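Asker: The file below is upload.txt, compact mmCIF, C-alpha atoms:
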```txt
# COMPACT_ATOMS: atom_id res chain seq x y z
CA MET A 1 -0.41 65.78 -53.71
CA SER A 2 -0.98 65.30 -49.99
CA SER A 3 1.12 66.27 -47.03
CA THR A 4 1.64 66.66 -43.33
CA ASP A 5 3.78 69.54 -42.04
CA LYS A 6 7.01 67.72 -42.86
CA THR A 7 6.20 64.93 -45.32
CA VAL A 8 4.83 65.41 -48.83
CA LEU A 9 3.59 62.69 -51.15
CA ALA A 10 3.16 63.29 -54.88
CA SER A 11 1.42 60.55 -56.85
CA ALA A 12 0.87 60.03 -60.57
CA GLY A 13 -1.04 57.25 -62.31
CA PHE A 14 -4.59 55.96 -61.74
CA HIS A 15 -6.40 58.61 -59.73
CA GLY A 16 -8.77 56.12 -58.12
CA ASP A 17 -5.82 54.20 -56.70
CA VAL A 18 -4.16 57.47 -55.65
CA LEU A 19 -7.26 58.47 -53.66
CA THR A 20 -7.43 55.07 -52.01
CA LEU A 21 -3.72 54.95 -51.22
CA VAL A 22 -3.68 58.47 -49.77
CA LYS A 23 -6.70 57.62 -47.63
CA ARG A 24 -5.01 54.49 -46.25
CA ILE A 25 -1.75 56.35 -45.60
CA GLY A 26 -3.70 59.05 -43.76
CA VAL A 27 -5.37 56.47 -41.51
CA ARG A 28 -2.06 54.75 -40.69
CA MET A 29 -0.31 58.04 -39.95
CA GLN A 30 -3.14 59.01 -37.59
CA ASN A 31 -2.94 55.66 -35.80
CA TYR A 32 0.84 55.97 -35.57
CA GLU A 33 0.48 59.34 -33.91
CA TYR A 34 -2.11 58.04 -31.45
CA GLN A 35 0.05 55.03 -30.55
CA HIS A 36 3.48 56.69 -30.41
CA ARG A 37 2.49 60.23 -29.42
CA LYS A 38 4.61 61.71 -32.18
CA PRO A 39 4.12 62.22 -35.90
CA MET A 40 5.53 59.62 -38.28
CA SER A 41 8.98 60.58 -39.63
CA THR A 42 9.49 60.85 -43.37
CA PRO A 43 11.81 57.78 -43.59
CA ALA A 44 9.28 55.75 -41.55
CA CYS A 45 6.53 56.87 -43.87
CA ALA A 46 8.72 55.92 -46.82
CA GLN A 47 9.18 52.37 -45.50
CA MET A 48 5.46 52.11 -44.77
CA LEU A 49 4.54 53.20 -48.28
CA ALA A 50 6.85 50.54 -49.72
CA THR A 51 5.18 47.77 -47.71
CA MET A 52 1.72 49.09 -48.53
CA LEU A 53 2.50 49.06 -52.24
CA TYR A 54 4.10 45.61 -52.05
CA GLY A 55 1.09 44.39 -50.08
CA LYS A 56 -0.79 44.75 -53.34
CA ARG A 57 1.97 43.11 -55.37
CA PHE A 58 -0.46 40.93 -57.35
CA PHE A 59 -3.17 43.58 -57.83
CA PRO A 60 -1.04 46.69 -57.71
CA TYR A 61 -1.95 50.28 -57.10
CA TYR A 62 -1.25 51.79 -60.51
CA THR A 63 0.59 54.74 -58.96
CA TYR A 64 4.00 56.30 -59.33
CA ASN A 65 4.98 57.93 -56.06
CA ILE A 66 7.56 60.37 -54.83
CA LEU A 67 7.74 61.00 -51.11
CA ALA A 68 9.74 63.92 -49.78
CA GLY A 69 10.49 65.52 -46.45
CA LEU A 70 13.16 65.84 -43.80
CA ASP A 71 15.10 62.98 -42.25
CA ALA A 72 16.24 62.53 -38.62
CA ASP A 73 19.19 64.89 -39.24
CA GLY A 74 16.92 67.56 -40.65
CA LYS A 75 18.29 66.99 -44.16
CA GLY A 76 16.01 66.94 -47.17
CA CYS A 77 15.12 63.47 -48.47
CA VAL A 78 13.39 62.25 -51.61
CA PHE A 79 12.11 58.67 -51.91
CA SER A 80 11.00 57.32 -55.27
CA TYR A 81 8.97 54.17 -55.90
CA ASP A 82 7.73 51.85 -58.58
CA PRO A 83 4.07 50.78 -58.44
CA VAL A 84 4.85 47.60 -56.46
CA GLY A 85 7.02 49.16 -53.79
CA SER A 86 10.65 49.04 -54.88
CA TYR A 87 12.04 52.22 -53.42
CA GLU A 88 15.20 54.17 -53.01
CA ARG A 89 16.33 57.38 -51.33
CA GLU A 90 17.61 59.83 -53.92
CA HIS A 91 18.41 63.49 -54.39
CA TYR A 92 15.98 64.15 -57.20
CA ARG A 93 13.54 62.18 -59.30
CA ALA A 94 10.92 62.74 -61.99
CA ALA A 95 7.86 60.48 -62.08
CA GLY A 96 4.72 60.14 -64.17
CA THR A 97 3.92 60.44 -67.86
CA ALA A 98 6.69 62.99 -68.50
CA SER A 99 9.30 61.21 -66.38
CA ALA A 100 11.32 59.93 -69.35
CA LEU A 101 11.39 63.47 -70.66
CA LEU A 102 12.33 65.13 -67.41
CA GLN A 103 14.74 62.77 -65.66
CA PRO A 104 17.59 63.59 -68.10
CA PHE A 105 16.86 67.28 -67.59
CA LEU A 106 17.34 66.82 -63.86
CA ASP A 107 20.44 64.66 -64.43
CA ASN A 108 21.89 67.55 -66.37
CA GLN A 109 20.80 70.40 -64.15
CA ALA A 110 20.50 68.95 -60.67
CA ARG A 111 22.54 65.76 -60.51
CA ALA A 112 23.86 65.25 -57.03
CA LEU A 113 26.97 63.13 -56.59
CA ALA A 114 26.84 60.47 -53.92
CA ARG A 115 30.31 61.50 -52.74
CA ILE A 116 29.24 65.07 -52.07
CA PRO A 117 25.56 64.70 -51.38
CA ASP A 118 24.76 68.33 -50.73
CA TYR A 119 26.25 69.55 -53.95
CA ILE A 120 24.70 69.61 -57.35
CA GLY A 121 26.55 68.31 -60.32
CA ARG A 122 26.11 69.01 -63.97
CA LYS A 123 26.15 65.60 -65.63
CA ASN A 124 27.59 65.65 -69.16
CA GLN A 125 28.87 69.19 -68.76
CA GLN A 126 32.48 70.25 -68.65
CA GLY A 127 34.25 72.67 -66.34
CA VAL A 128 31.45 72.35 -63.81
CA VAL A 129 31.59 74.24 -60.56
CA PHE A 130 29.82 72.27 -57.84
CA GLU A 131 27.67 74.40 -55.63
CA PRO A 132 24.86 73.67 -53.19
CA ILE A 133 21.35 74.05 -54.58
CA SER A 134 19.63 77.02 -53.00
CA LYS A 135 15.88 77.00 -52.44
CA GLU A 136 15.52 79.59 -55.20
CA ARG A 137 17.61 77.50 -57.61
CA ALA A 138 15.50 74.42 -56.80
CA MET A 139 12.33 76.40 -57.49
CA THR A 140 13.71 77.64 -60.80
CA ILE A 141 14.68 74.12 -61.88
CA ILE A 142 11.27 72.74 -60.95
CA LYS A 143 9.45 75.47 -62.85
CA ASP A 144 11.66 74.97 -65.90
CA VAL A 145 11.18 71.22 -65.75
CA PHE A 146 7.40 71.52 -65.69
CA THR A 147 7.41 74.19 -68.40
CA SER A 148 9.25 71.64 -70.55
CA ALA A 149 6.76 68.94 -69.61
CA ALA A 150 3.82 71.14 -70.60
CA GLU A 151 5.53 71.79 -73.92
CA ARG A 152 5.73 68.13 -75.01
CA ASP A 153 3.66 65.93 -72.69
CA ILE A 154 -0.05 66.05 -73.49
CA TYR A 155 -0.96 64.69 -70.05
CA THR A 156 0.67 67.58 -68.21
CA GLY A 157 -1.99 70.06 -67.14
CA ASP A 158 -2.49 73.79 -66.82
CA ALA A 159 -0.64 74.36 -63.55
CA VAL A 160 1.81 72.73 -61.18
CA ASP A 161 1.53 72.52 -57.40
CA ILE A 162 4.83 73.03 -55.63
CA ARG A 163 5.43 72.29 -51.94
CA ILE A 164 8.60 73.17 -50.10
CA VAL A 165 9.50 71.45 -46.84
CA THR A 166 11.99 73.19 -44.54
CA LYS A 167 12.56 73.09 -40.79
CA ASP A 168 10.32 76.15 -40.62
CA GLY A 169 7.37 74.30 -42.10
CA LEU A 170 5.55 73.81 -45.36
CA GLU A 171 5.22 76.30 -48.19
CA GLU A 172 2.65 75.88 -50.94
CA HIS A 173 2.75 77.43 -54.39
CA ARG A 174 0.82 77.04 -57.61
CA PHE A 175 2.69 77.82 -60.82
CA PRO A 176 0.60 78.24 -63.98
CA LEU A 177 1.78 76.48 -67.16
CA ARG A 178 0.79 77.04 -70.78
CA CYS A 179 -2.98 76.64 -70.86
CA ASP A 180 -3.56 74.86 -74.17
CA MET B 1 7.01 7.30 -58.24
CA SER B 2 5.86 10.48 -56.68
CA THR B 3 8.33 12.26 -54.45
CA GLY B 4 5.81 14.58 -52.84
CA TRP B 5 5.47 18.23 -53.64
CA MET B 6 8.73 18.41 -55.65
CA SER B 7 7.50 15.73 -58.07
CA GLN B 8 8.82 16.22 -61.61
CA THR B 9 5.68 14.86 -63.24
CA ALA B 10 3.08 17.34 -64.35
CA GLN B 11 0.36 17.89 -61.79
CA PRO B 12 -3.22 17.57 -63.01
CA ARG B 13 -4.59 21.04 -63.67
CA ALA B 14 -7.52 22.29 -61.74
CA PRO B 15 -10.72 22.00 -63.77
CA GLN B 16 -11.34 25.18 -65.72
CA PRO B 17 -14.68 26.84 -65.09
CA GLN B 18 -17.27 26.12 -67.74
CA ALA B 19 -19.86 28.67 -68.74
CA GLY B 20 -23.05 27.95 -66.84
CA GLU B 21 -21.22 26.11 -64.03
CA ASP B 22 -18.75 28.22 -62.07
CA ALA B 23 -18.61 31.14 -64.48
CA ARG B 24 -20.14 34.32 -63.15
CA THR B 25 -21.40 37.12 -65.29
CA ARG B 26 -20.69 40.74 -64.46
CA THR B 27 -21.69 44.10 -65.85
CA MET B 28 -19.69 44.27 -69.06
CA ARG B 29 -21.85 46.97 -70.58
CA PRO B 30 -24.75 49.09 -69.41
CA ILE B 31 -28.24 48.07 -70.58
CA VAL B 32 -30.79 50.74 -69.70
CA THR B 33 -28.81 53.97 -69.69
CA GLY B 34 -29.15 57.57 -68.68
CA THR B 35 -27.12 60.22 -70.51
CA SER B 36 -25.69 63.54 -69.28
CA VAL B 37 -25.86 65.02 -65.82
CA LEU B 38 -24.82 68.67 -65.52
CA GLY B 39 -23.84 70.62 -62.43
CA ILE B 40 -22.79 74.18 -61.62
CA LYS B 41 -22.14 76.15 -58.45
CA PHE B 42 -23.79 79.54 -58.04
CA ASP B 43 -23.74 82.30 -55.45
CA GLY B 44 -24.99 80.59 -52.29
CA GLY B 45 -25.69 77.14 -53.70
CA VAL B 46 -25.37 74.56 -56.41
CA ALA B 47 -27.61 73.23 -59.18
CA ILE B 48 -27.61 69.95 -61.09
CA ALA B 49 -29.72 68.82 -64.02
CA ALA B 50 -30.52 65.53 -65.74
CA ASP B 51 -33.16 64.42 -68.21
CA THR B 52 -35.63 61.65 -67.36
CA LEU B 53 -34.83 59.19 -70.14
CA GLY B 54 -33.76 55.59 -69.66
CA SER B 55 -32.49 54.48 -73.08
CA TYR B 56 -32.43 50.84 -74.15
CA GLY B 57 -29.60 51.04 -76.64
CA SER B 58 -30.81 53.61 -79.16
CA LEU B 59 -34.45 53.07 -78.16
CA ALA B 60 -35.97 55.78 -75.95
CA ARG B 61 -37.45 53.06 -73.73
CA PHE B 62 -38.35 54.64 -70.35
CA ARG B 63 -39.24 58.31 -70.47
CA GLU B 64 -40.15 59.09 -66.86
CA ILE B 65 -37.19 57.82 -64.88
CA SER B 66 -35.78 60.22 -62.30
CA ARG B 67 -31.99 60.06 -62.23
CA MET B 68 -31.70 62.19 -59.10
CA CYS B 69 -32.16 61.52 -55.44
CA LYS B 70 -32.04 63.55 -52.28
CA VAL B 71 -29.80 62.39 -49.43
CA GLY B 72 -30.31 64.02 -46.05
CA ASN B 73 -31.36 67.66 -46.15
CA GLN B 74 -28.38 69.27 -47.90
CA THR B 75 -27.34 66.82 -50.63
CA VAL B 76 -28.64 65.72 -53.98
CA VAL B 77 -27.11 63.01 -56.19
CA GLY B 78 -27.54 62.67 -59.96
CA GLY B 79 -26.32 59.73 -62.02
CA GLY B 80 -25.67 58.77 -65.61
CA GLY B 81 -24.83 55.35 -67.02
CA ASP B 82 -26.68 52.15 -66.08
CA VAL B 83 -30.04 53.02 -64.58
CA ALA B 84 -30.37 49.76 -62.64
CA ASP B 85 -26.97 50.35 -61.04
CA PHE B 86 -28.00 53.91 -60.22
CA HIS B 87 -31.11 52.59 -58.51
CA MET B 88 -28.88 50.35 -56.40
CA ILE B 89 -26.77 53.37 -55.48
CA ARG B 90 -29.96 55.23 -54.60
CA ASP B 91 -31.04 52.37 -52.33
CA LEU B 92 -27.62 52.35 -50.64
CA LEU B 93 -27.88 56.07 -49.97
CA ASN B 94 -31.40 55.59 -48.67
CA THR B 95 -30.13 52.95 -46.24
CA LEU B 96 -27.32 55.30 -45.21
CA GLU B 97 -29.82 58.05 -44.50
CA ILE B 98 -32.13 55.78 -42.51
CA GLU B 99 -29.26 54.44 -40.40
CA ASN B 100 -28.11 57.99 -39.74
CA ARG B 101 -31.62 59.06 -38.72
CA GLU B 102 -31.86 56.22 -36.19
CA TYR B 103 -29.23 57.91 -34.01
CA GLU B 104 -31.62 60.84 -33.49
CA ASP B 105 -28.63 63.08 -32.78
CA GLU B 106 -29.55 65.98 -35.05
CA HIS B 107 -26.56 65.15 -37.23
CA ASP B 108 -27.23 65.42 -40.94
CA ILE B 109 -25.23 63.65 -43.65
CA LYS B 110 -23.15 66.21 -45.54
CA PRO B 111 -22.37 66.15 -49.28
CA GLN B 112 -18.64 65.48 -48.79
CA ALA B 113 -19.51 62.37 -46.75
CA VAL B 114 -21.91 61.18 -49.45
CA HIS B 115 -19.29 61.83 -52.14
CA THR B 116 -16.56 59.93 -50.29
CA TYR B 117 -18.93 57.07 -49.49
CA LEU B 118 -19.95 56.72 -53.14
CA THR B 119 -16.33 56.88 -54.27
CA ARG B 120 -15.46 54.03 -51.89
CA VAL B 121 -18.43 51.94 -53.07
CA LEU B 122 -17.61 52.46 -56.76
CA TYR B 123 -13.87 51.87 -56.25
CA ASN B 124 -14.54 48.66 -54.33
CA ARG B 125 -16.82 47.37 -57.04
CA ARG B 126 -14.27 48.10 -59.78
CA SER B 127 -11.58 46.38 -57.68
CA GLN B 128 -13.79 43.27 -57.59
CA MET B 129 -13.89 43.48 -61.41
CA ASN B 130 -17.63 44.10 -61.10
CA PRO B 131 -18.17 47.83 -61.53
CA LEU B 132 -21.30 49.85 -60.97
CA TRP B 133 -21.57 51.41 -64.43
CA ASN B 134 -22.26 54.99 -63.47
CA THR B 135 -20.91 58.48 -63.41
CA VAL B 136 -22.33 60.33 -60.45
CA LEU B 137 -22.49 63.99 -59.47
CA VAL B 138 -22.92 64.93 -55.82
CA ALA B 139 -24.19 68.43 -55.08
CA GLY B 140 -24.96 70.08 -51.80
CA MET B 141 -24.11 72.56 -49.09
CA GLN B 142 -21.04 71.68 -47.01
CA ASP B 143 -20.82 73.83 -43.88
CA GLY B 144 -22.45 76.79 -45.64
CA GLU B 145 -20.38 76.44 -48.83
CA PRO B 146 -21.59 75.00 -52.16
CA TYR B 147 -20.17 71.54 -52.88
CA LEU B 148 -20.04 69.80 -56.26
CA GLY B 149 -18.25 66.47 -56.75
CA TYR B 150 -17.79 63.81 -59.44
CA THR B 151 -17.33 60.05 -59.15
CA ASP B 152 -17.30 57.35 -61.81
CA LYS B 153 -17.30 53.58 -62.18
CA LEU B 154 -13.53 53.39 -61.60
CA GLY B 155 -13.59 55.28 -58.33
CA VAL B 156 -12.00 58.40 -59.78
CA ALA B 157 -13.28 61.44 -57.90
CA TYR B 158 -12.80 65.19 -57.89
CA GLN B 159 -14.51 68.49 -57.14
CA GLU B 160 -15.08 71.40 -59.50
CA SER B 161 -17.24 74.48 -59.85
CA THR B 162 -18.78 73.02 -63.01
CA LEU B 163 -19.14 69.33 -63.83
CA ALA B 164 -20.80 67.18 -66.47
CA CYS B 165 -20.85 63.54 -67.46
CA GLY B 166 -21.73 61.69 -70.65
CA TYR B 167 -22.13 63.78 -73.79
CA GLY B 168 -22.56 66.81 -71.53
CA ALA B 169 -18.84 66.59 -70.75
CA TYR B 170 -18.09 67.16 -74.45
CA ILE B 171 -20.87 69.49 -75.53
CA ALA B 172 -21.89 71.47 -72.45
CA LEU B 173 -18.94 71.50 -70.07
CA GLY B 174 -16.25 73.32 -72.07
CA PRO B 175 -17.99 75.87 -74.25
CA LEU B 176 -21.05 76.61 -72.13
CA LEU B 177 -20.59 75.88 -68.42
CA ARG B 178 -16.89 76.70 -68.02
CA GLU B 179 -17.20 79.78 -70.19
CA VAL B 180 -19.47 81.23 -67.53
CA ALA B 181 -17.77 79.78 -64.46
CA ASP B 182 -14.23 80.78 -65.49
CA LYS B 183 -15.15 84.47 -65.60
CA GLY B 184 -14.69 84.29 -61.83
CA GLU B 185 -17.83 86.25 -61.06
CA PRO B 186 -20.37 84.27 -59.06
CA ILE B 187 -23.65 83.82 -60.90
CA THR B 188 -27.13 83.94 -59.39
CA LYS B 189 -29.34 80.93 -58.85
CA ASP B 190 -31.68 82.03 -61.64
CA ALA B 191 -28.76 82.48 -64.03
CA ALA B 192 -27.41 79.03 -63.12
CA VAL B 193 -30.77 77.36 -63.72
CA ALA B 194 -31.21 79.26 -67.01
CA LEU B 195 -27.71 78.16 -68.07
CA LEU B 196 -28.47 74.52 -67.28
CA GLN B 197 -31.69 74.77 -69.28
CA LYS B 198 -29.75 76.18 -72.21
CA CYS B 199 -27.17 73.38 -71.96
CA LEU B 200 -29.90 70.73 -71.85
CA LYS B 201 -31.51 72.28 -74.92
CA VAL B 202 -28.21 72.08 -76.83
CA LEU B 203 -27.86 68.47 -75.68
CA TRP B 204 -31.43 67.78 -76.80
CA TYR B 205 -30.42 69.02 -80.26
CA ARG B 206 -27.12 67.12 -80.43
CA ASP B 207 -27.22 64.07 -78.11
CA ALA B 208 -29.39 61.38 -79.68
CA ARG B 209 -29.78 59.66 -76.27
CA SER B 210 -31.28 62.72 -74.60
CA LEU B 211 -34.86 63.81 -73.96
CA ASN B 212 -36.53 67.21 -73.73
CA ARG B 213 -37.93 66.38 -70.30
CA PHE B 214 -35.65 67.03 -67.38
CA GLU B 215 -35.34 67.80 -63.70
CA ILE B 216 -33.23 70.56 -62.18
CA ALA B 217 -32.26 70.31 -58.53
CA THR B 218 -30.93 73.24 -56.52
CA VAL B 219 -29.35 73.09 -53.08
CA THR B 220 -29.04 76.26 -51.00
CA ALA B 221 -28.92 77.04 -47.29
CA GLU B 222 -32.71 76.61 -47.39
CA GLY B 223 -32.35 72.97 -48.45
CA VAL B 224 -32.84 70.75 -51.47
CA ASP B 225 -35.36 71.51 -54.19
CA ILE B 226 -35.83 69.01 -57.03
CA SER B 227 -38.03 70.54 -59.70
CA ALA B 228 -40.96 68.79 -61.30
CA PRO B 229 -40.03 67.46 -64.78
CA GLN B 230 -39.92 70.36 -67.25
CA SER B 231 -39.24 70.96 -70.95
CA SER B 232 -37.63 73.65 -73.08
CA GLU B 233 -39.06 75.32 -76.17
CA SER B 234 -37.16 73.87 -79.10
CA ASP B 235 -36.96 74.97 -82.73
CA TRP B 236 -35.88 72.47 -85.37
CA GLY B 237 -36.22 75.10 -88.12
CA ILE B 238 -32.52 75.13 -88.86
CA ALA B 239 -32.31 71.33 -89.06
CA SER B 240 -32.90 71.41 -92.81
CA MET B 241 -29.91 73.74 -93.21
CA VAL B 242 -27.45 71.37 -91.50
CA ARG B 243 -25.20 69.69 -94.04
CA GLY B 244 -22.58 67.02 -93.87
CA TYR B 245 -24.26 64.34 -91.75
CA GLU B 246 -26.44 62.77 -94.46
```
Take the structure in this file and express it as structure tokens.
Answerer:
Amino acid sequence: MSSTDKTVLASAGFHGDVLTLVKRIGVRMQNYEYQHRKPMSTPACAQMLATMLYGKRFFPYYTYNILAGLDADGKGCVFSYDPVGSYEREHYRAAGTASALLQPFLDNQARALARIPDYIGRKNQQGVVFEPISKERAMTIIKDVFTSAAERDIYTGDAVDIRIVTKDGLEEHRFPLRCD
Amino acid sequence: MSTGWMSQTAQPRAPQPQAGEDARTRTMRPIVTGTSVLGIKFDGGVAIAADTLGSYGSLARFREISRMCKVGNQTVVGGGGDVADFHMIRDLLNTLEIENREYEDEHDIKPQAVHTYLTRVLYNRRSQMNPLWNTVLVAGMQDGEPYLGYTDKLGVAYQESTLACGYGAYIALGPLLREVADKGEPITKDAAVALLQKCLKVLWYRDARSLNRFEIATVTAEGVDISAPQSSESDWGIASMVRGYE
């Protein structure tokens, strides 16, 4: 996971490609700042990542990326990608070896409806009360999701790094998982 | 009748490369190989160890090959895998050091720079489908702090307080090195060297591609020290008791 003060990139897949990709992104974000005298916005970074991934369409970076941060309105944004650069802005996304396990979990616990983007939904539940996700609720969901991943996915490790982007800056946490 | 580039008739295929004409050979497997390299951080420095054997398959072919090299005054690099490829890496690092020295600006190459450089070289070679068949440990002092990094033929890289490659990653890393490192208490230089010697002895007993002749390098604020080749006392007395491998 790598980040500036308002954009965070999480990458799964081939670690060698991840290192290379992160290095190239870092260089381009530096150059952007030198040329434009302002840091690259998260949506700009999202578009750049898509073109960088597609630039290697026929020898792809074997990476699954999720880019998150704040948009121009100060709202949270999550961008998810496939290895060759197809991308989409979403409200939540699971990626990596446990993604097939975790995406339904998020659909159930954190599904956001496009009509009411700031509200969570409870897909496949009845009598649901829609309410905004608090930071604490988001943290709880993330911890539960990774606890589930550690339970069944052998590639999930001993701890999870969590980063929280708000207008006040970046928070970093490390949450230990079952160590077996 | 041809209608240009949209012609319906099959175009003649480009000639396929024949072996010995356009075909190029690449490293598909290592030939002369080195086995484990071990590394551990200690209080105020870092130590790495490797034996001096260059195996030719299962033959203990070259018994006095150093698999370590010093880069600058605060870094040492140890490599396993193909010995010829490691020698090329060593030459690259030597060139790097000479070019750096030509500036005469008192700047010394730091271990992180060496680690990143090697990772880039190895990743580039794997991307050209022509890997350098090595796993490499980089040890040194980075701005007063011990530094220990890993890189392999794919360009995967990471840092840890204990590292090992080859059979050492299976036999020494978990039960022996991490057991000590995970206690959280920093160990002394002497304890680190003694631990590496113990690990190498276990590898000498269990890894058929190892040799009881090894070098241990330590890097501290005082600089790099690569030991003369040394051996451990071994006792094969219990060998006759081992059952199940006949």
Asker: Have a look at A:Cys45, A:Ala95, A:Ile154, A:Met52 and name the one nearest to Thr4 of chain A; count all atoms listed in the file.
Answerer: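 Counting all atoms listed in the file, the residue closest to Thr4 of chain A is A:Cys45.
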Asker: For chain A, which residues have at least one atom within 9 Å of chain B, if we go by all atoms listed in the file? Write them as JSON, numbers by chain, please.
Answerer: {"A": [14, 15, 16, 17, 18, 19, 20, 59]}
Asker: So what do you get for atom CA of Arg213 of chain B versus atom CA of Pro186 of chain B, distance-wise?
Answerer: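 Spanning atom CA of Arg213 of chain B to atom CA of Pro186 of chain B is a straight-line distance of 27.5 Å.
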Asker: Find the spatial neighbours of Val84 of chain A, counting all atoms listed in the file, within a cut-off of 7 Å - ignore same-chain residues fewer than 5 positions away - and output them as number ranges by chain.
Answerer: A: 53-54, 57, 60
Asker: Excluding Leu49 of chain A and any residue of its chain fewer than 5 positions from it, enumerate the residues within 9 Å of it, using all atoms listed in the file, and give them as a list in words.
Answerer: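 The residues satisfying every condition are Leu21, Ile25, Ala44, Tyr54, Leu67, Tyr81 and Gly85 of chain A.
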Asker: Let's have the selection written as a PDB file, keeping the file's coordinate frame, with C-alpha atoms.
Answerer:
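Final output, part_6.pdb:
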```pdb
ATOM      1  CA  LEU A  21      -3.720  54.950 -51.220  1.00  0.00           C
ATOM      2  CA  ILE A  25      -1.750  56.350 -45.600  1.00  0.00           C
ATOM      3  CA  ALA A  44       9.280  55.750 -41.550  1.00  0.00           C
ATOM      4  CA  TYR A  54       4.100  45.610 -52.050  1.00  0.00           C
ATOM      5  CA  LEU A  67       7.740  61.000 -51.110  1.00  0.00           C
ATOM      6  CA  TYR A  81       8.970  54.170 -55.900  1.00  0.00           C
ATOM      7  CA  GLY A  85       7.020  49.160 -53.790  1.00  0.00           C
TER       8      GLY A  85
END
```
Asker: Using only C-alpha atoms, what residues lie at most 7 Å away from (14.6, 71.8, -62.9) (file coordinates), given as a ChimeraX atom specification?
Answerer: /A:105-106,109-110,138,140-145
Asker: Fewer than 5 positions away in the same chain doesn't count, so skip those; otherwise give me all residues within 7 Å of segment 134-144 of chain B, counting only C-alpha atoms, as a PyMOL selection string.
Answerer: chain B and resi 45-46+74-82+86+110-112+115+149-153+165+219-221
Asker: For Thr97 of chain A, which residue among A:Arg37, A:Arg178, A:Lys6, A:Arg152 is the nearest when counting all atoms listed in the file?
Answerer: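 Under the stated criterion, the closest residue is A:Arg152.
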Asker: Please measure the separation of atom CA of Ser3 of chain A and atom CA of Leu148 of chain B, giving the value in Å to one decimal.
Answerer: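 A separation of 23.4 Å between them.
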Asker: Which residues come within 10 Å of Asp43 of chain B, counting only C-alpha atoms, excluding same-chain residues fewer than 6 positions away, as number ranges by chain?
Answerer: B: 145-146, 185-189, 191-192, 220
Asker: Can you write out the residues you just picked, keeping C-alpha atoms, as a short mmCIF file (atom, residue, chain, number, x, y, z; two decimals), in the coordinates of the input?
Answerer:
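Contents of part-v9.cif, as written:
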```cif
data_model
loop_
_atom_site.label_atom_id
_atom_site.label_comp_id
_atom_site.auth_asym_id
_atom_site.auth_seq_id
_atom_site.Cartn_x
_atom_site.Cartn_y
_atom_site.Cartn_z
CA GLU B 145 -20.38 76.44 -48.83
CA PRO B 146 -21.59 75.00 -52.16
CA GLU B 185 -17.83 86.25 -61.06
CA PRO B 186 -20.37 84.27 -59.06
CA ILE B 187 -23.65 83.82 -60.90
CA THR B 188 -27.13 83.94 -59.39
CA LYS B 189 -29.34 80.93 -58.85
CA ALA B 191 -28.76 82.48 -64.03
CA ALA B 192 -27.41 79.03 -63.12
CA THR B 220 -29.04 76.26 -51.00
#
```
Asker: With a distance cut-off of 10 Å and all atoms listed in the file, select the neighbouring residues of Ile31 of chain B, excluding the residue or stretch itself and same-chain residues fewer than 3 positions from it, and output the selection as JSON, numbers by chain.
Answerer: {"B": [27, 28, 34, 54, 55, 56, 57, 81, 82, 83, 84, 85, 133]}
Asker: Identify the residues within 12 Å of coordinate (-9.0, 62.4, -42.1) (same frame as the file), considering all atoms listed in the file, and give the answer as number ranges by chain.
Answerer: A: 2-4, 22-31; B: 113, 116
Asker: Produce a file of the selected residues containing C-alpha atoms, as a PDB file, keeping the file's coordinate frame.
Answerer:
```
ATOM      1  CA  SER A   2      -0.980  65.300 -49.990  1.00  0.00           C
ATOM      2  CA  SER A   3       1.120  66.270 -47.030  1.00  0.00           C
ATOM      3  CA  THR A   4       1.640  66.660 -43.330  1.00  0.00           C
ATOM      4  CA  VAL A  22      -3.680  58.470 -49.770  1.00  0.00           C
ATOM      5  CA  LYS A  23      -6.700  57.620 -47.630  1.00  0.00           C
ATOM      6  CA  ARG A  24      -5.010  54.490 -46.250  1.00  0.00           C
ATOM      7  CA  ILE A  25      -1.750  56.350 -45.600  1.00  0.00           C
ATOM      8  CA  GLY A  26      -3.700  59.050 -43.760  1.00  0.00           C
ATOM      9  CA  VAL A  27      -5.370  56.470 -41.510  1.00  0.00           C
ATOM     10  CA  ARG A  28      -2.060  54.750 -40.690  1.00  0.00           C
ATOM     11  CA  MET A  29      -0.310  58.040 -39.950  1.00  0.00           C
ATOM     12  CA  GLN A  30      -3.140  59.010 -37.590  1.00  0.00           C
ATOM     13  CA  ASN A  31      -2.940  55.660 -35.800  1.00  0.00           C
TER      14      ASN A  31
ATOM     15  CA  ALA B 113     -19.510  62.370 -46.750  1.00  0.00           C
ATOM     16  CA  THR B 116     -16.560  59.930 -50.290  1.00  0.00           C
TER      17      THR B 116
END
```
Asker: How far is it from atom CA of Leu211 of chain B to atom CA of Gly166 of chain B, in Å with one decimal?
Answerer: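 Separation of atom CA of Leu211 of chain B and atom CA of Gly166 of chain B: 13.7 Å.
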Asker: Tell me which of A:Thr51, A:Ala10, A:Pro176, A:Ser148 sits closest to Arg93 of chain A, counting all atoms listed in the file.
Answerer: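 Answer, going by the shortest atom-to-atom distance: A:Ala10.
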